[in-house]
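Structure first, then comments.
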Amino acid sequence: MAWNEPGGSRDNDPWGNRGGNRGNKQSPPDLDEMIRKMQQKLGGLFGGKGGGRSEGPKGPGTAPAKIIGVIAGIAVVVWVATGIYIVDEGTRGVVTRFGQYVDTTLPGPHWHIPVPIEAVQVVNVEQIRTVEIGYRSGGGGGGAQAGSISNEALMLTKDENIINVKFAVQYKVKDARDYLFNTRDPDAALRQATESAVRDAVGKNNMDFVLKEGRSEIGARAIEMIQKTLDRYGAGLQVSSLNMQDAQPPEEVQSAFLDAVKSREDEQRLINEAEAYANDVIPKARGGAARQIEEANGYKAQVVAQAKGEASRFDQVLTEYQKAPKVMRDRLYIEAMESVLSKSSKVMVDVKGGNNLLYLPLDRITQRQGQAGSSATGSPAIEPQILDGSSVIPSDVSRARDSLRAREQR
């Protein structure tokens with residue numbers, strides 16, 4: 001039965017008996033009394049008087065209104081102060097109002113309407129960022145060997161060979177507004193554009209070109225293609241460099257590829273050795289040929305000059321012979337005999353009334369005369385002396401003949 005029905009018990013009143021008969025039941029707290037006590041405490045806290053009594057013209061609701069006003073003022077000051085922000089050097093502040101772009105602020109202190117009206121996003125435009133394709137270094141300093149990702153690294157070349165290419169791209173933010181609003185994920189767009197550009201550059205060249213001398217050319221071409229793609233997307237990014245960390249054939253064929261590389265290196269080494277030998281022998285052969293040609297030309301000039309000299313001498317002798325034939329015949333005979341006998345080792349002695357006791361030290365005479373001739377002309381020769389046009393007698397032979405004649409006269 002409900003507590004308020006006729007005939008029911010009043011003891012079932014949920015708030016107890018508010019009359020004088022409370023008994024052991026506790027009455028619920030009075031709400032008005034609680035509010036009054038709280039006002040008294042707050043009034044005492046801010047300089048008012050407690051006890052629930054008011055003085056002068058002040059009404060019971062004046063103190064709470066003042067408190068609310070002070071709190072509201074403090075809240076407004078704090079809210080306005082939250083709009084102050086500082087943009088560091090190398091960064092840009094992008095201000096949005098209800099999510100729409102408003103302005104880009106430069107480094108320094110600034111103020112904007114606090115949230116939820118305006119918001120500021122700070123973007124670092126000087127930081128060099130890196131995206132890795134084909135591997136992940138993981139921040140452990142392992143470089144391209146730290147972790148390989150096959151689905152990114154494997155690429156097909158123009159000659160239908162598969163190679164494993166790992167490279168890193170360095171970039172930075174060019175425009176903070178474009179970076180935040182034009183694309184949903186600019187970094188992911190850069191990764192996809194980079195992978196596509198490198199695959200295009202590798203696919204247009206042969207494997208040997210990619211693995212050897214074509215790395216710089218492929219990198220430059222890929223940077224150009226990546227930047228064009230990012231500008232077309234309006235991603236607000238600027239690519240600074242592309243470094244090819246590694247370019248190798250797949251692991252399954254690396255041993256065979258290394259053998260082929262060693263064979264090519266041996267071939268090139270042998271070619272270089274052959275070229276070095278040729279560069280050493282050919283100049284020597286050319287020098288020897290030029291020397292022989294010069295010697296032949298010198299010999300030719302010598303023979304021609306000697307022949308011309310002999311012909312000129314013959315003409316001169318002929319002229320003198322025509323002037324004095326007898327004198328020239330004697331002179332020519334003497335010169336001919338001198339020329340013939342000077343090359344002979346025999347000594348002719350003509351001594352009148354001589355005997356067999358004539359002693360001539362021919363070995364010493366020829367040796368002395370040979371030394372004198374060799375020191376003078378460079379070739380050994382005996383210089384005979386012409387006596388009376390009929391005998392060739394050296395000086396020692398003359399002295400021996402004089403001594404022999406003296407003994408005969410005794």
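Just so we're on the same page: first chain in the structure tokens is A, next is B, and so on; residues restart at 1 for each chain, and ligands are numbered from 1 in the order they show up.
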
Give me the residues within 12 Å of Glu252 in chain A as a short mmCIF file (atom, residue, chain, number, x, y, z; two decimals) with N, CA and C atoms, in the first residue's frame, counting only C-alpha atoms and dropping any in the same chain fewer than 5 places off.
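Listing of result24.cif after writing:
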```
data_model
loop_
_atom_site.label_atom_id
_atom_site.label_comp_id
_atom_site.auth_asym_id
_atom_site.auth_seq_id
_atom_site.Cartn_x
_atom_site.Cartn_y
_atom_site.Cartn_z
N ILE A 162 66.80 -8.51 -63.51
CA ILE A 162 66.27 -8.04 -62.24
C ILE A 162 67.45 -7.65 -61.35
N ILE A 163 67.37 -6.45 -60.78
CA ILE A 163 68.42 -5.98 -59.87
C ILE A 163 67.77 -5.50 -58.58
N ASN A 164 68.58 -5.46 -57.55
CA ASN A 164 68.14 -5.04 -56.23
C ASN A 164 68.72 -3.66 -55.96
N PHE A 257 76.84 -13.80 -60.69
CA PHE A 257 77.11 -12.44 -61.14
C PHE A 257 78.51 -12.00 -60.73
N LEU A 258 78.94 -12.36 -59.52
CA LEU A 258 80.29 -12.01 -59.08
C LEU A 258 81.35 -12.68 -59.94
#
```

Would you list, as number ranges by chain, the residues of range 42-213 of chain A that end up in strand (DSSP E) under DSSP run on this structure's backbone?
-> A: 84-87, 91-97, 100-105, 108-111, 118-124, 129-133, 154-156, 162-173

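Using only C-alpha atoms, the smallest distance between any of A:Ile218, A:Ala189, A:Ala81, A:Ile117 and Val165 in chain A comes from A:Ile218.
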
Could you check how far CA of Val94 in chain A sits from CA of Gln121 in chain A, in Å to one decimal?
->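 CA of Gln121 in chain A lies at a distance of 5.2 Å from CA of Val94 in chain A.
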
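Using only C-alpha atoms, the smallest distance between any of A:Pro64, A:Pro249, A:Gly93, A:Gly309 and Pro107 in chain A comes from A:Gly93.
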
Test item: residues at most 12 Å from Ala220 in chain A, only C-alpha atoms, excluding those fewer than 2 positions along its chain, as a PyMOL selection string = chain A and resi 169+197-198+201+214-218+222-227+239-244

For the residues in the current selection, export C-alpha atoms as a short mmCIF file (atom, residue, chain, number, x, y, z; two decimals), in the first residue's frame.
```cif
data_model
loop_
_atom_site.label_atom_id
_atom_site.label_comp_id
_atom_site.auth_asym_id
_atom_site.auth_seq_id
_atom_site.Cartn_x
_atom_site.Cartn_y
_atom_site.Cartn_z
CA VAL A 169 65.84 10.58 -50.81
CA ALA A 197 60.53 7.62 -60.83
CA VAL A 198 63.41 5.29 -59.97
CA ALA A 201 64.83 5.44 -64.81
CA GLY A 214 74.96 5.16 -64.51
CA ARG A 215 74.22 5.80 -60.85
CA SER A 216 74.65 9.55 -60.92
CA GLU A 217 72.72 9.93 -64.17
CA ILE A 218 69.84 7.80 -62.89
CA ALA A 222 64.85 10.51 -60.87
CA ILE A 223 65.10 13.79 -58.91
CA GLU A 224 63.73 15.72 -61.88
CA MET A 225 60.79 13.35 -62.28
CA ILE A 226 60.01 13.32 -58.54
CA GLN A 227 59.98 17.11 -58.32
CA VAL A 239 63.73 17.19 -53.13
CA SER A 240 67.38 18.00 -52.39
CA SER A 241 69.22 14.75 -53.21
CA LEU A 242 68.82 11.10 -54.13
CA ASN A 243 71.57 8.71 -53.05
CA MET A 244 71.73 5.19 -54.46
#
```
